[in-house]
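> Here's a structure for you.
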2 protein chains.
Amino acid sequence: MVGAGQLARMTHQAAIDLGVRLEVLADHEGDPAVQAGANRAIGSAHSIEDVRDLATRNDVLTFDHEGVPQEVVQTLEAEGFLVLPGSAALRIVQDKLLARQVLRNSGFAVPDFIGLGPDPERQVRAMAERWGWPLVLKARSGGYDGRGVAIVGEDDAASVLKGSATGTWMAEEYVDIDRELAVVGVRSAAGDWASYPVVETRQVDGICRELVMPAPIADALASEAAATAKAVADGINAIGIIAVEFFTTGNGMVINELALRPHNSGHATIEACVTSQFENHLRAILGLPLGATEMVAAAAAMVNVLGPADGSDPRTRLGNALTVRGARVHLYGKAAVPGRKLGHVTALGSDQDSALAVARRSAALLDGVVRKDDIGRGSACGQGEGVRPEAPVPGIGDLTD
Amino acid sequence: MVGAGQLARMTHQAAIDLGVRLEVLADHEGDPAVQAGANRAIGSAHSIEDVRDLATRNDVLTFDHEGVPQEVVQTLEAEGFLVLPGSAALRIVQDKLLARQVLRNSGFAVPDFIGLGPDPERQVRAMAERWGWPLVLKARSGGYDGRGVAIVGEDDAASVLKGSATGTWMAEEYVDIDRELAVVGVRSAAGDWASYPVVETRQVDGICRELVMPAPIADALASEAAATAKAVADGINAIGIIAVEFFTTGNGMVINELALRPHNSGHATIEACVTSQFENHLRAILGLPLGATEMVAAAAAMVNVLGPADGSDPRTRLGNALTVRGARVHLYGKAAVPGRKLGHVTALGSDQDSALAVARRSAALLDGVVRKDDIGRGSACGQGEGVRPEAPVPGIGDLTD
């Protein structure tokens, strides 16, 4: 597995159950999966030599983030290494503009969008005539957790785009979001498919803050989301876990983003479902039968633990968080940086609200701050909230969620 | 954690969730917990230097088996290291005769027993006049999985005892077993206590083969077992996980064995309960609040995977086993030796029988053999079935279950 973040860490836990030897390509000895004891090579996802060395020692190459250059993946495929998901599918999730194009060309509903060329300001002003303000600017690649995404008005569009290289940004219509949903599914090389119950995610500042499973939506909508996710997975030949994020709007459902790896939207599957997304990712890429995805409880909720604004370390408050009965705490072993995903808490319950209350209470104790009791839904932040043109280019090790 | 078998392996998985650094003292690089990536020192549980080195690098010392000499544990305690459970409690579970004495002296029902001295044959004949034949001979220490235990008649008692060192064996009455039950509980240094639902275990040849949770017994009996386990834990000042095994008989319930570590009877807690025995062991010894022990399903079952008689490796049949929907496979990374515990399969269900059917089907596919469909209960083997005087003295690394 290229990458050694929390996704690799939790994949390692699943690998232990199956007696599977996971080796990760890590940037640093302290990366979450290395701390958890996965076999590791230290190296760069951008180095063909480093990734080839990893592939040479293992049966199959997979990923915990999208930050592996296409030339690396394509070269290794050409050399005969088994790479899952493959370069063609990966290419789509590595470029938000390409993903939108592929989805729209295949008949899937997406927000209206346009790729920005050498005169992006003119293009944006032109699109605003059709879409109105605000609209959404996105870096085509490298963004995560709300970084590289800005909701802009007439006054700040230019400043966001200032200095950007030609062709690296796209613009899309601002969607008035009712809910944000996600489907995590798993697809085998043979085309077998299984998906987990649809979740409703709630974002703050573009970062997934919490979710409930199943999403409290009509069965027909859940079925539509699941069927759409399967069609997307089949269409792009996804192998392993795929996460498909949706917005529901007054005009129906549109696809927001895709990921081809275990995903934050699936963390609750560890406790809530018969087989976790991490085990199912391994099963799929190893050619093992897919595991059952049904829930073992009526409802579940997950709340992310982010680095508190005061810079304090939630690990120092673990004892407090564990006082909450039913809370399942997962810490990733990462240094506390404000806003960084450091862990998550899952809870099961007889309904979504009771599960969410438990997970929130425990997460709030990890945060060490009083938490807003109800994070509003549909707060327009799945597309990123606030202007963050100054967001640093993320390191590869950070691209996991 | 002294020892690096499957108990340490699964404890490591739980430690990852909590962000706790587990270091194991392993006999070999290939031990199950080392394969799973626990930090490790290679050394001997019999070496005061090796165990002291481990203790020096960590906050608390604990165990995945009983094979740590008392002098090692006592010395480290005297030197000020935190050792949990402590030497006084450990001493009791390291000596079956002492355990019986302590329990009987504290008013707990146990099978009638006697320690054997310099003329064991004479003593055994004398006890047989009171108990009748057969009776049970047990090595006071070092036995596990039915080894060091023999049910003997008048003709073979002498051959079992032949050559045994004075004072190393005990004799006890043969109990006509109705069911075998076990209570796994967890106790903190402050005396907090939580126990998992009582399980019914089914043994073959002295090895736990399968169990169901909750045991299909009357509530009053389950309450009695749970209360007894708590009283024992309090009485011996157990800290961490304690497993108490019971026989039910026509004359009520007697305690068979004790263990002060995560136990085979608690493996199903990983999927079946809110908090696993492994996490609760860590919580208890680290002074963290104990986790909820309730089940997340109506019923669960676990079936052990033993090395098949033909010497074949169940790992080669993993794909078959994973075809069984709902089966949760755990492999320990151990070389296949006939009769050796190599893994287990857990399943949840709406009742014990349906869960057991799923777990058995998957385990049978790992075994690669058709499995007897119904392993009889109460087959008198909790005390060990068949004479095995030739059983090798187990290596420390094998003492885990």
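We name chains A, B, ... following the order of the structure tokens; residues begin at 1 in each chain, and ligands are numbered from 1 as shown.
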Report as an NGL selection string all protein, DNA and RNA residues lying within 10 Å of stretch 301-305 of chain B, evaluated on only C-alpha atoms, omitting residues in the same chain fewer than 3 positions from it.
:B and (199-202 or 207-215 or 264-269 or 272 or 308 or 314 or 327-332 or 339-349 or 351-367)
> Those residues you just picked out, can you put them in a file as a short mmCIF file (atom, residue, chain, number, x, y, z; two decimals), in the first residue's frame with C-alpha atoms?

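Listing of part-v1.cif after writing:
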data_model
loop_
_atom_site.label_atom_id
_atom_site.label_comp_id
_atom_site.auth_asym_id
_atom_site.auth_seq_id
_atom_site.Cartn_x
_atom_site.Cartn_y
_atom_site.Cartn_z
CA VAL B 199 -20.43 -18.31 27.40
CA GLU B 200 -20.89 -22.03 27.01
CA THR B 201 -17.74 -23.67 25.76
CA ARG B 202 -17.49 -27.04 24.12
CA ILE B 207 -9.13 -28.03 23.78
CA CYS B 208 -11.80 -25.39 23.52
CA ARG B 209 -13.35 -26.12 20.17
CA GLU B 210 -16.29 -23.77 20.08
CA LEU B 211 -18.50 -21.57 22.21
CA VAL B 212 -21.74 -19.70 22.12
CA MET B 213 -22.57 -16.37 23.75
CA PRO B 214 -24.71 -15.98 25.74
CA ALA B 215 -24.76 -19.46 27.20
CA ASN B 264 -9.95 -18.01 24.29
CA SER B 265 -13.40 -17.81 25.92
CA GLY B 266 -13.39 -14.09 25.17
CA HIS B 267 -12.33 -13.98 21.53
CA ALA B 268 -15.91 -13.50 20.38
CA THR B 269 -16.00 -10.22 22.29
CA ALA B 272 -19.93 -9.51 19.72
CA PRO B 308 -5.65 -30.37 10.68
CA PRO B 314 -5.72 -23.63 6.75
CA ALA B 327 -18.06 -15.36 9.18
CA ARG B 328 -15.31 -13.27 10.77
CA VAL B 329 -12.02 -15.06 10.27
CA HIS B 330 -9.01 -14.47 12.49
CA LEU B 331 -5.75 -16.16 11.57
CA TYR B 332 -2.79 -16.07 13.91
CA GLY B 339 -4.04 -29.80 16.83
CA ARG B 340 -2.42 -26.38 17.28
CA LYS B 341 -4.70 -23.37 17.55
CA LEU B 342 -4.15 -21.46 14.33
CA GLY B 343 -7.10 -19.12 14.32
CA HIS B 344 -10.76 -18.75 15.08
CA VAL B 345 -13.97 -17.78 13.38
CA THR B 346 -16.69 -15.69 15.00
CA ALA B 347 -20.22 -15.09 13.79
CA LEU B 348 -23.11 -13.04 15.12
CA GLY B 349 -26.70 -14.14 14.79
CA ASP B 351 -29.72 -16.94 18.08
CA GLN B 352 -26.82 -19.14 19.15
CA ASP B 353 -27.57 -21.96 16.72
CA SER B 354 -27.60 -19.77 13.64
CA ALA B 355 -24.41 -18.01 14.69
CA LEU B 356 -22.76 -21.33 15.43
CA ALA B 357 -23.77 -22.76 12.07
CA VAL B 358 -22.08 -19.87 10.26
CA ALA B 359 -18.89 -20.03 12.31
CA ARG B 360 -18.68 -23.81 11.99
CA ARG B 361 -19.17 -23.74 8.24
CA SER B 362 -16.37 -21.26 7.74
CA ALA B 363 -14.06 -23.04 10.19
CA ALA B 364 -14.74 -26.36 8.46
CA LEU B 365 -13.67 -24.83 5.17
CA LEU B 366 -10.45 -23.69 6.81
CA ASP B 367 -9.99 -27.17 8.23
#
> Give me, as a tab-separated table, the closest atom pair and its distance (Å, one decimal) for every residue of chain B within a cut-off of 6 Å of chain A, counting only C-alpha atoms, rows sorted by chain and rising number.

residue	atom	partner	partner_atom	distance
B:Gln13	CA	A:Gln13	CA	5.9
B:Ile16	CA	A:Ala36	CA	5.8
B:Asp17	CA	A:His330	CA	4.4
B:Leu18	CA	A:Leu331	CA	5.6
B:Gly19	CA	A:Leu331	CA	5.2
B:Ala36	CA	A:Ile16	CA	5.8
B:Gly37	CA	A:Gly37	CA	3.7
B:Ala38	CA	A:Gly37	CA	5.7
B:Leu288	CA	A:Gly319	CA	5.3
B:Pro289	CA	A:Thr323	CA	5.7
B:Ala292	CA	A:Arg325	CA	5.8
B:Gly319	CA	A:Leu288	CA	5.3
B:Leu322	CA	A:Pro289	CA	5.9
B:Thr323	CA	A:Pro289	CA	5.7
B:Arg325	CA	A:Ala292	CA	5.8
B:His330	CA	A:Asp17	CA	4.4
B:Leu331	CA	A:Gly19	CA	5.2
B:Gly333	CA	A:Gly19	CA	5.6
> Quick one: residues within 12 Å of B:Lys96, only C-alpha atoms, excluding same-chain residues fewer than 4 positions away - as a PyMOL selection string?
chain B and resi 66+90-92+100-103+110-111+113-115+137-144+148-149+167-172+255-259
> Output N, CA, C and O atoms for every residue in the selection just made, as a compact mmCIF listing (two decimals), in the first residue's frame.

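Writing the result to result24.txt gives the following:
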# COMPACT_ATOMS: atom_id res chain seq x y z
N GLU B 66 0.88 -17.69 31.38
CA GLU B 66 1.20 -17.83 32.81
C GLU B 66 2.63 -18.28 33.06
O GLU B 66 3.01 -18.56 34.21
N LEU B 90 -0.96 -13.78 40.19
CA LEU B 90 -0.40 -14.68 39.19
C LEU B 90 -0.03 -16.03 39.79
O LEU B 90 -0.22 -17.08 39.16
N ARG B 91 0.50 -15.98 41.01
CA ARG B 91 0.95 -17.21 41.65
C ARG B 91 -0.19 -18.23 41.71
O ARG B 91 0.02 -19.43 41.52
N ILE B 92 -1.38 -17.72 41.93
CA ILE B 92 -2.53 -18.61 42.08
C ILE B 92 -2.86 -19.30 40.76
O ILE B 92 -3.16 -20.50 40.74
N ARG B 100 -6.93 -24.32 43.51
CA ARG B 100 -8.01 -25.09 44.16
C ARG B 100 -8.06 -24.79 45.67
O ARG B 100 -9.14 -24.62 46.24
N GLN B 101 -6.88 -24.73 46.28
CA GLN B 101 -6.84 -24.49 47.74
C GLN B 101 -7.39 -23.11 48.08
O GLN B 101 -8.22 -22.97 48.99
N VAL B 102 -6.93 -22.12 47.33
CA VAL B 102 -7.39 -20.75 47.60
C VAL B 102 -8.89 -20.64 47.40
O VAL B 102 -9.60 -20.04 48.21
N LEU B 103 -9.37 -21.22 46.33
CA LEU B 103 -10.80 -21.14 46.04
C LEU B 103 -11.61 -21.87 47.13
O LEU B 103 -12.59 -21.32 47.64
N VAL B 110 -15.38 -26.21 44.32
CA VAL B 110 -14.44 -26.77 43.33
C VAL B 110 -14.55 -28.29 43.42
O VAL B 110 -15.03 -28.82 44.42
N PRO B 111 -14.11 -28.99 42.40
CA PRO B 111 -14.06 -30.45 42.52
C PRO B 111 -13.16 -30.81 43.69
O PRO B 111 -12.17 -30.11 43.95
N PHE B 113 -10.21 -32.43 45.68
CA PHE B 113 -8.86 -32.61 45.12
C PHE B 113 -7.87 -32.92 46.22
O PHE B 113 -8.15 -32.72 47.41
N ILE B 114 -6.70 -33.33 45.82
CA ILE B 114 -5.61 -33.54 46.77
C ILE B 114 -4.28 -33.33 46.05
O ILE B 114 -4.16 -33.69 44.87
N GLY B 115 -3.34 -32.74 46.73
CA GLY B 115 -1.99 -32.63 46.16
C GLY B 115 -1.26 -33.96 46.36
O GLY B 115 -1.43 -34.62 47.40
N LEU B 137 -6.02 -36.76 37.00
CA LEU B 137 -4.67 -36.37 37.40
C LEU B 137 -4.27 -35.13 36.60
O LEU B 137 -4.51 -35.05 35.40
N LYS B 138 -3.67 -34.19 37.31
CA LYS B 138 -3.27 -32.94 36.65
C LYS B 138 -1.87 -32.55 37.07
O LYS B 138 -1.55 -32.58 38.26
N ALA B 139 -1.08 -32.16 36.11
CA ALA B 139 0.19 -31.50 36.45
C ALA B 139 -0.17 -30.15 37.07
O ALA B 139 -1.05 -29.43 36.57
N ARG B 140 0.49 -29.80 38.18
CA ARG B 140 0.12 -28.56 38.87
C ARG B 140 0.39 -27.33 38.02
O ARG B 140 -0.31 -26.32 38.15
N SER B 141 1.37 -27.40 37.16
CA SER B 141 1.65 -26.24 36.29
C SER B 141 2.12 -26.71 34.93
O SER B 141 2.50 -27.86 34.75
N GLY B 142 2.08 -25.81 33.99
CA GLY B 142 2.62 -26.09 32.66
C GLY B 142 1.65 -26.72 31.70
O GLY B 142 1.93 -26.85 30.52
N GLY B 143 0.49 -27.15 32.18
CA GLY B 143 -0.47 -27.76 31.27
C GLY B 143 -1.27 -26.73 30.51
O GLY B 143 -1.39 -25.58 30.93
N TYR B 144 -1.77 -27.11 29.36
CA TYR B 144 -2.68 -26.23 28.62
C TYR B 144 -3.34 -27.08 27.55
O TYR B 144 -2.79 -28.09 27.11
N GLY B 148 -1.11 -32.29 30.14
CA GLY B 148 -0.87 -32.30 31.57
C GLY B 148 -2.12 -32.64 32.36
O GLY B 148 -2.18 -32.42 33.57
N VAL B 149 -3.13 -33.16 31.69
CA VAL B 149 -4.36 -33.59 32.36
C VAL B 149 -4.71 -34.98 31.84
O VAL B 149 -4.64 -35.23 30.64
N GLY B 167 5.48 -33.98 44.17
CA GLY B 167 4.78 -32.73 44.42
C GLY B 167 4.37 -31.97 43.18
O GLY B 167 3.87 -30.85 43.26
N THR B 168 4.56 -32.55 41.99
CA THR B 168 4.23 -31.80 40.78
C THR B 168 2.84 -32.13 40.24
O THR B 168 2.38 -31.48 39.31
N TRP B 169 2.20 -33.13 40.81
CA TRP B 169 0.87 -33.50 40.32
C TRP B 169 -0.17 -33.37 41.42
O TRP B 169 0.15 -33.37 42.61
N MET B 170 -1.40 -33.30 40.99
CA MET B 170 -2.53 -33.35 41.92
C MET B 170 -3.57 -34.32 41.35
O MET B 170 -3.52 -34.69 40.18
N ALA B 171 -4.45 -34.73 42.24
CA ALA B 171 -5.54 -35.61 41.80
C ALA B 171 -6.85 -34.94 42.18
O ALA B 171 -6.93 -34.20 43.16
N GLU B 172 -7.88 -35.18 41.37
CA GLU B 172 -9.19 -34.68 41.78
C GLU B 172 -10.30 -35.60 41.29
O GLU B 172 -10.10 -36.44 40.41
N ILE B 255 -16.05 -24.37 40.11
CA ILE B 255 -15.03 -23.67 39.31
C ILE B 255 -13.99 -24.68 38.85
O ILE B 255 -13.50 -25.48 39.64
N ASN B 256 -13.68 -24.63 37.59
CA ASN B 256 -12.63 -25.50 37.07
C ASN B 256 -11.29 -24.77 37.03
O ASN B 256 -10.40 -25.08 37.79
N GLU B 257 -11.18 -23.76 36.16
CA GLU B 257 -9.88 -23.11 36.02
C GLU B 257 -10.00 -21.59 36.02
O GLU B 257 -11.07 -21.03 35.77
N LEU B 258 -8.89 -20.95 36.27
CA LEU B 258 -8.78 -19.49 36.23
C LEU B 258 -7.66 -19.09 35.28
O LEU B 258 -6.65 -19.79 35.17
N ALA B 259 -7.82 -17.96 34.64
CA ALA B 259 -6.71 -17.37 33.88
C ALA B 259 -6.75 -15.87 34.09
O ALA B 259 -7.82 -15.27 34.22
> Hey, what does DSSP flag as strand (DSSP E) within stretch 138-374 of chain A? Can you give it to me as a PyMOL selection string?
chain A and resi 138-139+149-152+169-173+179-187+193-195+199-204+207-213+240-249+252-259+299-306+328-331+341-349
> So that I can check the surroundings of stretch 238-249 of chain A, please list as a PyMOL selection string every protein, DNA and RNA residue that reaches within 7 Å of it, counting only C-alpha atoms and ignoring chain neighbours fewer than 4 positions away.
chain A and resi 84-85+89+176-189+229+233-234+253-263+277+281+284-285
> Give me the residues near B:Glu121 as a VMD selection string, where near means some atom within 8 Å (using only C-alpha atoms) and where sequence neighbours in that chain fewer than 2 positions away do not count.
chain B and resid 119 123 to 125 157 to 158 161
> Hey, can you spit out that residue selection with N, CA, C and O atoms as an mmCIF file, in the first residue's frame?

data_model
loop_
_atom_site.group_PDB
_atom_site.id
_atom_site.type_symbol
_atom_site.label_atom_id
_atom_site.label_comp_id
_atom_site.auth_asym_id
_atom_site.auth_seq_id
_atom_site.Cartn_x
_atom_site.Cartn_y
_atom_site.Cartn_z
ATOM 1 N N ASP B 119 4.501 -40.407 47.488
ATOM 2 C CA ASP B 119 3.959 -41.717 47.095
ATOM 3 C C ASP B 119 2.606 -41.517 46.426
ATOM 4 O O ASP B 119 1.545 -41.833 46.989
ATOM 5 N N GLN B 123 -1.595 -42.532 47.315
ATOM 6 C CA GLN B 123 -2.601 -41.483 47.558
ATOM 7 C C GLN B 123 -3.779 -41.612 46.586
ATOM 8 O O GLN B 123 -4.933 -41.460 46.965
ATOM 9 N N VAL B 124 -3.443 -41.852 45.322
ATOM 10 C CA VAL B 124 -4.494 -41.935 44.305
ATOM 11 C C VAL B 124 -5.423 -43.110 44.602
ATOM 12 O O VAL B 124 -6.656 -43.000 44.528
ATOM 13 N N ARG B 125 -4.836 -44.240 44.975
ATOM 14 C CA ARG B 125 -5.689 -45.399 45.306
ATOM 15 C C ARG B 125 -6.599 -45.075 46.486
ATOM 16 O O ARG B 125 -7.774 -45.410 46.499
ATOM 17 N N ALA B 157 -3.441 -45.255 36.094
ATOM 18 C CA ALA B 157 -3.007 -44.162 36.970
ATOM 19 C C ALA B 157 -1.494 -44.213 37.180
ATOM 20 O O ALA B 157 -0.797 -43.190 37.081
ATOM 21 N N ALA B 158 -0.987 -45.397 37.430
ATOM 22 C CA ALA B 158 0.438 -45.516 37.747
ATOM 23 C C ALA B 158 1.304 -45.068 36.577
ATOM 24 O O ALA B 158 2.313 -44.376 36.767
ATOM 25 N N LEU B 161 1.640 -41.309 36.307
ATOM 26 C CA LEU B 161 2.438 -40.668 37.359
ATOM 27 C C LEU B 161 3.902 -41.082 37.321
ATOM 28 O O LEU B 161 4.748 -40.430 37.952
#
> Report, in Å with one decimal, the straight-line distance from atom CA of A:Met127 to atom CA of A:Val175.
14.1 Å
